[in-house]
Amino acid sequence: MLIGVTLAERGLSDRAVGIVLASLLAGIALVSVVIARHGDRFGRRRCYRLLFVVMALAGTVFALTGWLPALIIAGLTGTVSTDVVESGPFTSLEQAMLPHAAGEHDPTRLFGTYNTVATLAGSFGALIALVGSSPLWLLTYPVAAGAGLLASARISTAVELGHELEEEPLPPLHRSRGIVMRLSALFALDSFGGGFVPQTFIAYLFVRKYDASPQTLAVIFFAIGILQALSFQAAVRLADRIGLLRTMVFTHLPSNLLLAAVAFAPNLATAIVLLLGRFALSQMDVPTRQAYVMAVVEPSERTAAAAYTNTARYVTRPIAPLIAGATLRGALGAPFFIAGTLKSLYDAGLYILFRDVDVEGRRLSQTGTGGRAARSSPRPNAGMLDEESGRQTAPAEGARRA
């Protein structure tokens, strides 16, 4: 939130703000690709710690200077996220590490807890703006990076490569390439729509259109975080009843209609109500989406699948802020309408293409309760996903050995 406010108060033009936001998103995409290709071999914990070091440096740049080239370079490191919940290469590594550490625990519930903790932390971070909105408060980045380094020192070796990758050399994606590519294409569309209104841009637009104060924005983003945290827990319970895919689509679509409606809000109060309603629903697809991606690929493909699908979400996003900056000349609310429309198309496409895809050996369309059915068939014995159809085949030799 403070990045958006800082960019507005430093007097950067709409075009310059779009370029900075584009560099943030482009950096996340580039670094995520590197993680996908080399993260497992270099070591997940080692990559994770290195990202914290770079994050400290990049955050310091945003805190101390408004020089556009420096901001662009810092943004291209991929470690300064535009959102709280999903933070690029950090998220890719975390999503790959969590299932390895889950043991017998429900992965969906684990992802729900993971996102709840992240969101609550981000909400309390937004309250910093109640104390002051000076760019120097962005020095919180190196402080947070230091805390992350300390915490990551105690991460278990269980999150590193399992024996399934050590038995034979395999490419990052081998048996699930087709389904990952299709998911990546859909996630790219969703993210392109979201790129019109990242949280930093929402803060910028609310200042420009409604003359919102930093204190008001702090309260808004704190409330958004609380709603998101509650929605993550609701999503876990809903997925237990109707399945991962249905939870993703049936909660995400109404939230996008609310997002489009923000464009027509006549005043700040109405815009806030619509925005809060949107975030109460929109993030219910986050833990279910993360669990879904991990469920439809082999354990040896998790880092690559998380990184490539996350990369797809950020490849198209750098374009969106540039277009959004141009649409501001016509109407300040235009980015909200465009975002809501594009993200609604994503929801329809996701359900149409994946409603019959197997998750851990069970067809969602046959069970009707994807969450419970999926957990009844452990992944290592469930067989492999056919690359073209996305349906389950007989267990491969590697899976039987596992």
# chains A, B, ... in the order shown; residues from 1 in each chain; ligands from 1
call {"tool": "residues_around", "arguments": {"residues": "Gly277 of chain A", "least_positions_apart": "3", "cutoff": "9 Å", "atoms": "only C-alpha atoms", "output": "ChimeraX atom specification"}}
result
/A:227,255,258-259,272-274,280-282
call {"tool": "write_last_selection", "arguments": {"atoms": "C-alpha atoms", "output": "PDB file, in the first residue's frame"}}
result
ATOM      1  CA  LEU A 227     -11.910 -10.498   5.057  1.00  0.00           C
ATOM      2  CA  SER A 255     -16.436 -11.219  -6.884  1.00  0.00           C
ATOM      3  CA  LEU A 258     -18.466  -6.571  -7.816  1.00  0.00           C
ATOM      4  CA  LEU A 259     -15.032  -5.489  -9.055  1.00  0.00           C
ATOM      5  CA  ILE A 272     -15.205   0.926  -0.425  1.00  0.00           C
ATOM      6  CA  VAL A 273     -18.323  -1.209   0.105  1.00  0.00           C
ATOM      7  CA  LEU A 274     -18.030  -2.771  -3.362  1.00  0.00           C
ATOM      8  CA  ALA A 280     -14.618 -11.132   0.785  1.00  0.00           C
ATOM      9  CA  LEU A 281     -15.128 -13.569  -2.112  1.00  0.00           C
ATOM     10  CA  SER A 282     -12.247 -13.147  -4.555  1.00  0.00           C
TER      11      SER A 282
END
call {"tool": "residues_around", "arguments": {"residues": "Ser231 of chain A", "least_positions_apart": "6", "cutoff": "12 Å", "atoms": "only C-alpha atoms", "output": "PDB file with N, CA and C atoms, in the first residue's frame"}}
result
ATOM      1  N   GLY A 112      -4.825 -23.276   3.246  1.00  0.00           N
ATOM      2  CA  GLY A 112      -5.709 -22.279   3.848  1.00  0.00           C
ATOM      3  C   GLY A 112      -5.053 -21.586   5.021  1.00  0.00           C
ATOM      4  N   THR A 113      -4.401 -22.359   5.893  1.00  0.00           N
ATOM      5  CA  THR A 113      -3.698 -21.776   7.043  1.00  0.00           C
ATOM      6  C   THR A 113      -2.541 -20.889   6.587  1.00  0.00           C
ATOM      7  N   ASN A 115      -2.155 -19.207   3.771  1.00  0.00           N
ATOM      8  CA  ASN A 115      -2.622 -17.936   3.227  1.00  0.00           C
ATOM      9  C   ASN A 115      -3.261 -17.053   4.295  1.00  0.00           C
ATOM     10  N   THR A 116      -3.893 -17.679   5.296  1.00  0.00           N
ATOM     11  CA  THR A 116      -4.483 -16.895   6.381  1.00  0.00           C
ATOM     12  C   THR A 116      -3.406 -16.155   7.162  1.00  0.00           C
ATOM     13  N   THR A 119      -2.004 -13.283   5.071  1.00  0.00           N
ATOM     14  CA  THR A 119      -2.933 -12.170   4.930  1.00  0.00           C
ATOM     15  C   THR A 119      -3.044 -11.361   6.211  1.00  0.00           C
ATOM     16  N   LEU A 120      -3.117 -12.036   7.344  1.00  0.00           N
ATOM     17  CA  LEU A 120      -3.191 -11.309   8.614  1.00  0.00           C
ATOM     18  C   LEU A 120      -1.937 -10.483   8.842  1.00  0.00           C
ATOM     19  N   ILE A 224      -9.575  -5.385   4.290  1.00  0.00           N
ATOM     20  CA  ILE A 224      -9.451  -6.353   3.199  1.00  0.00           C
ATOM     21  C   ILE A 224      -8.701  -7.599   3.665  1.00  0.00           C
ATOM     22  N   GLY A 225      -7.631  -7.398   4.410  1.00  0.00           N
ATOM     23  CA  GLY A 225      -6.852  -8.530   4.898  1.00  0.00           C
ATOM     24  C   GLY A 225      -7.645  -9.422   5.828  1.00  0.00           C
ATOM     25  N   ARG A 237     -13.475 -25.180   3.995  1.00  0.00           N
ATOM     26  CA  ARG A 237     -14.687 -25.917   4.355  1.00  0.00           C
ATOM     27  C   ARG A 237     -15.605 -26.113   3.149  1.00  0.00           C
ATOM     28  N   LEU A 238     -15.671 -25.094   2.292  1.00  0.00           N
ATOM     29  CA  LEU A 238     -16.506 -25.208   1.104  1.00  0.00           C
ATOM     30  C   LEU A 238     -15.938 -26.244   0.135  1.00  0.00           C
ATOM     31  N   ALA A 239     -14.613 -26.273  -0.015  1.00  0.00           N
ATOM     32  CA  ALA A 239     -13.984 -27.249  -0.899  1.00  0.00           C
ATOM     33  C   ALA A 239     -14.228 -28.671  -0.417  1.00  0.00           C
ATOM     34  N   THR A 247     -15.280 -24.629  -5.943  1.00  0.00           N
ATOM     35  CA  THR A 247     -15.034 -23.545  -4.995  1.00  0.00           C
ATOM     36  C   THR A 247     -14.308 -22.399  -5.677  1.00  0.00           C
ATOM     37  N   MET A 248     -13.333 -22.721  -6.511  1.00  0.00           N
ATOM     38  CA  MET A 248     -12.583 -21.693  -7.218  1.00  0.00           C
ATOM     39  C   MET A 248     -13.502 -20.839  -8.085  1.00  0.00           C
ATOM     40  N   THR A 251     -17.056 -18.961  -6.379  1.00  0.00           N
ATOM     41  CA  THR A 251     -16.841 -17.793  -5.509  1.00  0.00           C
ATOM     42  C   THR A 251     -16.155 -16.654  -6.252  1.00  0.00           C
ATOM     43  N   HIS A 252     -15.360 -17.004  -7.260  1.00  0.00           N
ATOM     44  CA  HIS A 252     -14.569 -16.001  -7.973  1.00  0.00           C
ATOM     45  C   HIS A 252     -15.422 -15.170  -8.926  1.00  0.00           C
ATOM     46  N   LEU A 276     -14.769  -4.072  -0.662  1.00  0.00           N
ATOM     47  CA  LEU A 276     -14.738  -5.028   0.444  1.00  0.00           C
ATOM     48  C   LEU A 276     -15.558  -6.276   0.107  1.00  0.00           C
ATOM     49  N   GLY A 277     -16.706  -6.078  -0.536  1.00  0.00           N
ATOM     50  CA  GLY A 277     -17.508  -7.218  -0.956  1.00  0.00           C
ATOM     51  C   GLY A 277     -16.756  -8.104  -1.933  1.00  0.00           C
ATOM     52  N   ARG A 278     -16.015  -7.450  -2.817  1.00  0.00           N
ATOM     53  CA  ARG A 278     -15.235  -8.199  -3.791  1.00  0.00           C
ATOM     54  C   ARG A 278     -14.173  -9.050  -3.114  1.00  0.00           C
ATOM     55  N   PHE A 279     -13.421  -8.441  -2.174  1.00  0.00           N
ATOM     56  CA  PHE A 279     -12.332  -9.173  -1.540  1.00  0.00           C
ATOM     57  C   PHE A 279     -12.832 -10.222  -0.549  1.00  0.00           C
ATOM     58  N   ALA A 280     -14.063 -10.100  -0.092  1.00  0.00           N
ATOM     59  CA  ALA A 280     -14.618 -11.132   0.785  1.00  0.00           C
ATOM     60  C   ALA A 280     -14.794 -12.447   0.041  1.00  0.00           C
ATOM     61  N   LEU A 281     -14.917 -12.378  -1.301  1.00  0.00           N
ATOM     62  CA  LEU A 281     -15.128 -13.569  -2.112  1.00  0.00           C
ATOM     63  C   LEU A 281     -13.932 -13.926  -2.990  1.00  0.00           C
ATOM     64  N   SER A 282     -13.222 -12.918  -3.486  1.00  0.00           N
ATOM     65  CA  SER A 282     -12.247 -13.147  -4.555  1.00  0.00           C
ATOM     66  C   SER A 282     -11.100 -14.056  -4.159  1.00  0.00           C
ATOM     67  N   GLN A 283     -10.699 -14.030  -2.902  1.00  0.00           N
ATOM     68  CA  GLN A 283      -9.519 -14.783  -2.499  1.00  0.00           C
ATOM     69  C   GLN A 283      -9.823 -16.200  -2.043  1.00  0.00           C
ATOM     70  N   MET A 284     -11.107 -16.602  -2.107  1.00  0.00           N
ATOM     71  CA  MET A 284     -11.427 -17.976  -1.739  1.00  0.00           C
ATOM     72  C   MET A 284     -10.846 -18.975  -2.727  1.00  0.00           C
ATOM     73  N   ASP A 285     -10.479 -18.487  -3.916  1.00  0.00           N
ATOM     74  CA  ASP A 285      -9.893 -19.398  -4.904  1.00  0.00           C
ATOM     75  C   ASP A 285      -8.397 -19.579  -4.710  1.00  0.00           C
ATOM     76  N   VAL A 286      -7.780 -18.803  -3.822  1.00  0.00           N
ATOM     77  CA  VAL A 286      -6.320 -18.865  -3.698  1.00  0.00           C
ATOM     78  C   VAL A 286      -5.846 -20.183  -3.086  1.00  0.00           C
ATOM     79  N   PRO A 287      -6.264 -20.558  -1.857  1.00  0.00           N
ATOM     80  CA  PRO A 287      -5.777 -21.837  -1.318  1.00  0.00           C
ATOM     81  C   PRO A 287      -6.265 -23.033  -2.130  1.00  0.00           C
ATOM     82  N   THR A 288      -7.477 -22.946  -2.674  1.00  0.00           N
ATOM     83  CA  THR A 288      -7.990 -24.056  -3.470  1.00  0.00           C
ATOM     84  C   THR A 288      -7.225 -24.172  -4.793  1.00  0.00           C
TER      85      THR A 288
END
call {"tool": "atom_distance", "arguments": {"atom1": "atom CA of Pro266 of chain A", "atom2": "atom CA of Ala320 of chain A"}}
result
24.4 Å
call {"tool": "residues_around", "arguments": {"residues": "Asp347 of chain A", "least_positions_apart": "4", "cutoff": "10 Å", "atoms": "only C-alpha atoms", "output": "MDAnalysis selection string"}}
result
chainID A and resid 186:187 189:190 248:254 256 342:343 351:352
call {"tool": "residues_around", "arguments": {"residues": "Asp14 of chain A", "least_positions_apart": "4", "cutoff": "12 Å", "atoms": "only C-alpha atoms", "output": "PyMOL selection string"}}
result
chain A and resi 4+7-8+10+18-21+201+204-205+208+321-329+332
call {"tool": "write_last_selection", "arguments": {"atoms": "N, CA and C atoms", "output": "CSV table (one decimal), in the first residue's frame"}}
result
chain,number,residue,atom,x,y,z
A,4,GLY,N,2.2,2.3,-3.4
A,4,GLY,CA,1.2,3.1,-4.2
A,4,GLY,C,1.1,4.5,-3.8
A,7,LEU,N,4.4,6.5,-4.7
A,7,LEU,CA,4.5,6.8,-6.1
A,7,LEU,C,3.6,8.0,-6.4
A,8,ALA,N,2.4,8.0,-5.8
A,8,ALA,CA,1.5,9.2,-6.0
A,8,ALA,C,2.1,10.5,-5.5
A,10,ARG,N,5.2,11.3,-4.8
A,10,ARG,CA,6.4,11.7,-5.4
A,10,ARG,C,6.2,12.4,-6.7
A,18,GLY,N,2.9,3.4,-14.3
A,18,GLY,CA,2.6,2.2,-15.0
A,18,GLY,C,3.9,1.4,-15.3
A,19,ILE,N,5.0,2.1,-15.6
A,19,ILE,CA,6.3,1.5,-15.9
A,19,ILE,C,6.8,0.8,-14.7
A,20,VAL,N,6.7,1.5,-13.5
A,20,VAL,CA,7.3,0.9,-12.3
A,20,VAL,C,6.5,-0.3,-11.9
A,21,LEU,N,5.2,-0.3,-12.0
A,21,LEU,CA,4.4,-1.4,-11.7
A,21,LEU,C,4.6,-2.6,-12.7
A,201,PHE,N,-2.0,-0.3,-7.2
A,201,PHE,CA,-2.7,0.6,-8.1
A,201,PHE,C,-4.1,1.0,-7.6
A,204,TYR,N,-3.4,3.9,-5.5
A,204,TYR,CA,-3.1,5.1,-6.3
A,204,TYR,C,-4.4,5.7,-6.9
A,205,LEU,N,-5.3,4.8,-7.4
A,205,LEU,CA,-6.5,5.3,-8.0
A,205,LEU,C,-7.5,5.9,-6.9
A,208,ARG,N,-6.3,9.4,-6.4
A,208,ARG,CA,-6.6,10.2,-7.5
A,208,ARG,C,-8.0,10.5,-7.7
A,321,PRO,N,-0.8,-2.8,-16.4
A,321,PRO,CA,-0.7,-1.5,-15.9
A,321,PRO,C,-0.4,-0.4,-16.9
A,322,LEU,N,0.3,-0.8,-18.0
A,322,LEU,CA,0.6,0.2,-19.0
A,322,LEU,C,-0.7,0.6,-19.7
A,323,ILE,N,-1.6,-0.4,-20.0
A,323,ILE,CA,-2.9,-0.1,-20.6
A,323,ILE,C,-3.8,0.6,-19.6
A,324,ALA,N,-3.7,0.2,-18.4
A,324,ALA,CA,-4.6,0.9,-17.4
A,324,ALA,C,-4.2,2.3,-17.2
A,325,GLY,N,-2.9,2.6,-17.3
A,325,GLY,CA,-2.5,4.0,-17.2
A,325,GLY,C,-3.0,4.8,-18.3
A,326,ALA,N,-3.1,4.2,-19.5
A,326,ALA,CA,-3.7,4.9,-20.7
A,326,ALA,C,-5.2,5.1,-20.6
A,327,THR,N,-5.9,4.1,-20.0
A,327,THR,CA,-7.3,4.2,-19.8
A,327,THR,C,-7.7,5.3,-18.8
A,328,LEU,N,-6.8,5.7,-17.9
A,328,LEU,CA,-7.1,6.7,-16.9
A,328,LEU,C,-7.5,8.0,-17.6
A,329,ARG,N,-7.0,8.3,-18.8
A,329,ARG,CA,-7.3,9.5,-19.5
A,329,ARG,C,-8.8,9.6,-19.8
A,332,LEU,N,-11.3,7.3,-14.8
A,332,LEU,CA,-10.5,6.7,-13.7
A,332,LEU,C,-11.0,5.4,-13.2
call {"tool": "residues_around", "arguments": {"residues": "Leu127 of chain A", "least_positions_apart": "6", "cutoff": "12 Å", "atoms": "only C-alpha atoms", "output": "list of chain:residue names"}}
result
A:Met1, A:Leu2, A:Leu120, A:Ala121, A:Ser133, A:Trp137, A:Pro214, A:Gln215, A:Thr216, A:Leu217, A:Ala218, A:Val219, A:Ile220, A:Phe221, A:Phe222, A:Ala223, A:Ile224, A:Gly225
call {"tool": "atom_distance", "arguments": {"atom1": "atom CA of Glu160 of chain A", "atom2": "atom CA of Ser32 of chain A"}}
result
17.5 Å
call {"tool": "residues_around", "arguments": {"residues": "segment 147-159 of chain A", "least_positions_apart": "6", "cutoff": "8 Å", "atoms": "only C-alpha atoms", "output": "list of chain:residue names"}}
result
A:Arg44, A:Arg45, A:Tyr48, A:Arg49, A:Phe52, A:Val53, A:Ala96, A:Met97, A:Leu98, A:His100, A:Ala101
call {"tool": "closest_atom_pairs", "arguments": {"of": "segment 24-94 of chain A", "to": "segment 170-185 of chain A", "cutoff": "12 Å", "atoms": "only C-alpha atoms", "output": "CSV"}}
result
residue,atom,partner,partner_atom,distance
A:Val33,CA,A:Pro172,CA,11.3
A:Val34,CA,A:Pro172,CA,11.6
A:Ile35,CA,A:Pro172,CA,10.5
A:Ala36,CA,A:Pro172,CA,7.2
A:Arg37,CA,A:Pro172,CA,6.7
A:His38,CA,A:Pro172,CA,8.6
A:Gly39,CA,A:Pro172,CA,9.6
A:Asp40,CA,A:Pro172,CA,8.6
A:Arg41,CA,A:Pro172,CA,9.9
call {"tool": "residues_around", "arguments": {"residues": "Phe264 of chain A", "least_positions_apart": "3", "cutoff": "10 Å", "atoms": "only C-alpha atoms", "output": "NGL selection string"}}
result
:A and (259-261 or 267 or 270-271 or 332-334 or 336-337)
call {"tool": "write_last_selection", "arguments": {"atoms": "N, CA and C atoms", "output": "CSV table (one decimal), in the first residue's frame"}}
result
chain,number,residue,atom,x,y,z
A,259,LEU,N,-16.2,-6.3,-8.7
A,259,LEU,CA,-15.0,-5.5,-9.1
A,259,LEU,C,-15.4,-4.6,-10.2
A,260,ALA,N,-16.1,-5.1,-11.2
A,260,ALA,CA,-16.5,-4.2,-12.3
A,260,ALA,C,-17.4,-3.1,-11.9
A,261,ALA,N,-18.2,-3.4,-10.9
A,261,ALA,CA,-19.1,-2.3,-10.4
A,261,ALA,C,-18.4,-1.2,-9.7
A,267,ASN,N,-19.1,7.6,-5.2
A,267,ASN,CA,-18.3,8.2,-4.1
A,267,ASN,C,-17.4,7.2,-3.5
A,270,THR,N,-19.2,4.2,-1.4
A,270,THR,CA,-19.8,3.2,-2.3
A,270,THR,C,-18.6,2.3,-2.8
A,271,ALA,N,-17.6,2.9,-3.3
A,271,ALA,CA,-16.4,2.2,-3.8
A,271,ALA,C,-15.8,1.3,-2.7
A,332,LEU,N,-11.3,7.3,-14.8
A,332,LEU,CA,-10.5,6.7,-13.7
A,332,LEU,C,-11.0,5.4,-13.2
A,333,GLY,N,-12.2,5.1,-13.5
A,333,GLY,CA,-12.8,3.8,-13.0
A,333,GLY,C,-12.6,2.7,-14.1
A,334,ALA,N,-12.1,3.0,-15.3
A,334,ALA,CA,-12.1,2.0,-16.4
A,334,ALA,C,-11.3,0.8,-16.0
A,336,PHE,N,-11.2,-0.9,-13.3
A,336,PHE,CA,-12.0,-1.9,-12.6
A,336,PHE,C,-12.9,-2.6,-13.5
A,337,PHE,N,-13.6,-2.0,-14.4
A,337,PHE,CA,-14.5,-2.6,-15.3
A,337,PHE,C,-13.8,-3.6,-16.2
call {"tool": "select_by_dssp", "arguments": {"residues": "segment 13-115 of chain A", "states": "helix (DSSP H, G or I)", "output": "number ranges by chain"}}
result
A: 14-42, 44-64, 68-75, 89-102, 107-115
call {"tool": "atom_distance", "arguments": {"atom1": "atom CA of Gly88 of chain A", "atom2": "atom CA of Ala29 of chain A"}}
result
7.2 Å
call {"tool": "closest_residue", "arguments": {"among": "A:Arg355, A:Arg15, A:Arg246, A:Arg313", "to": "Leu30 of chain A", "atoms": "only C-alpha atoms"}}
result
A:Arg313
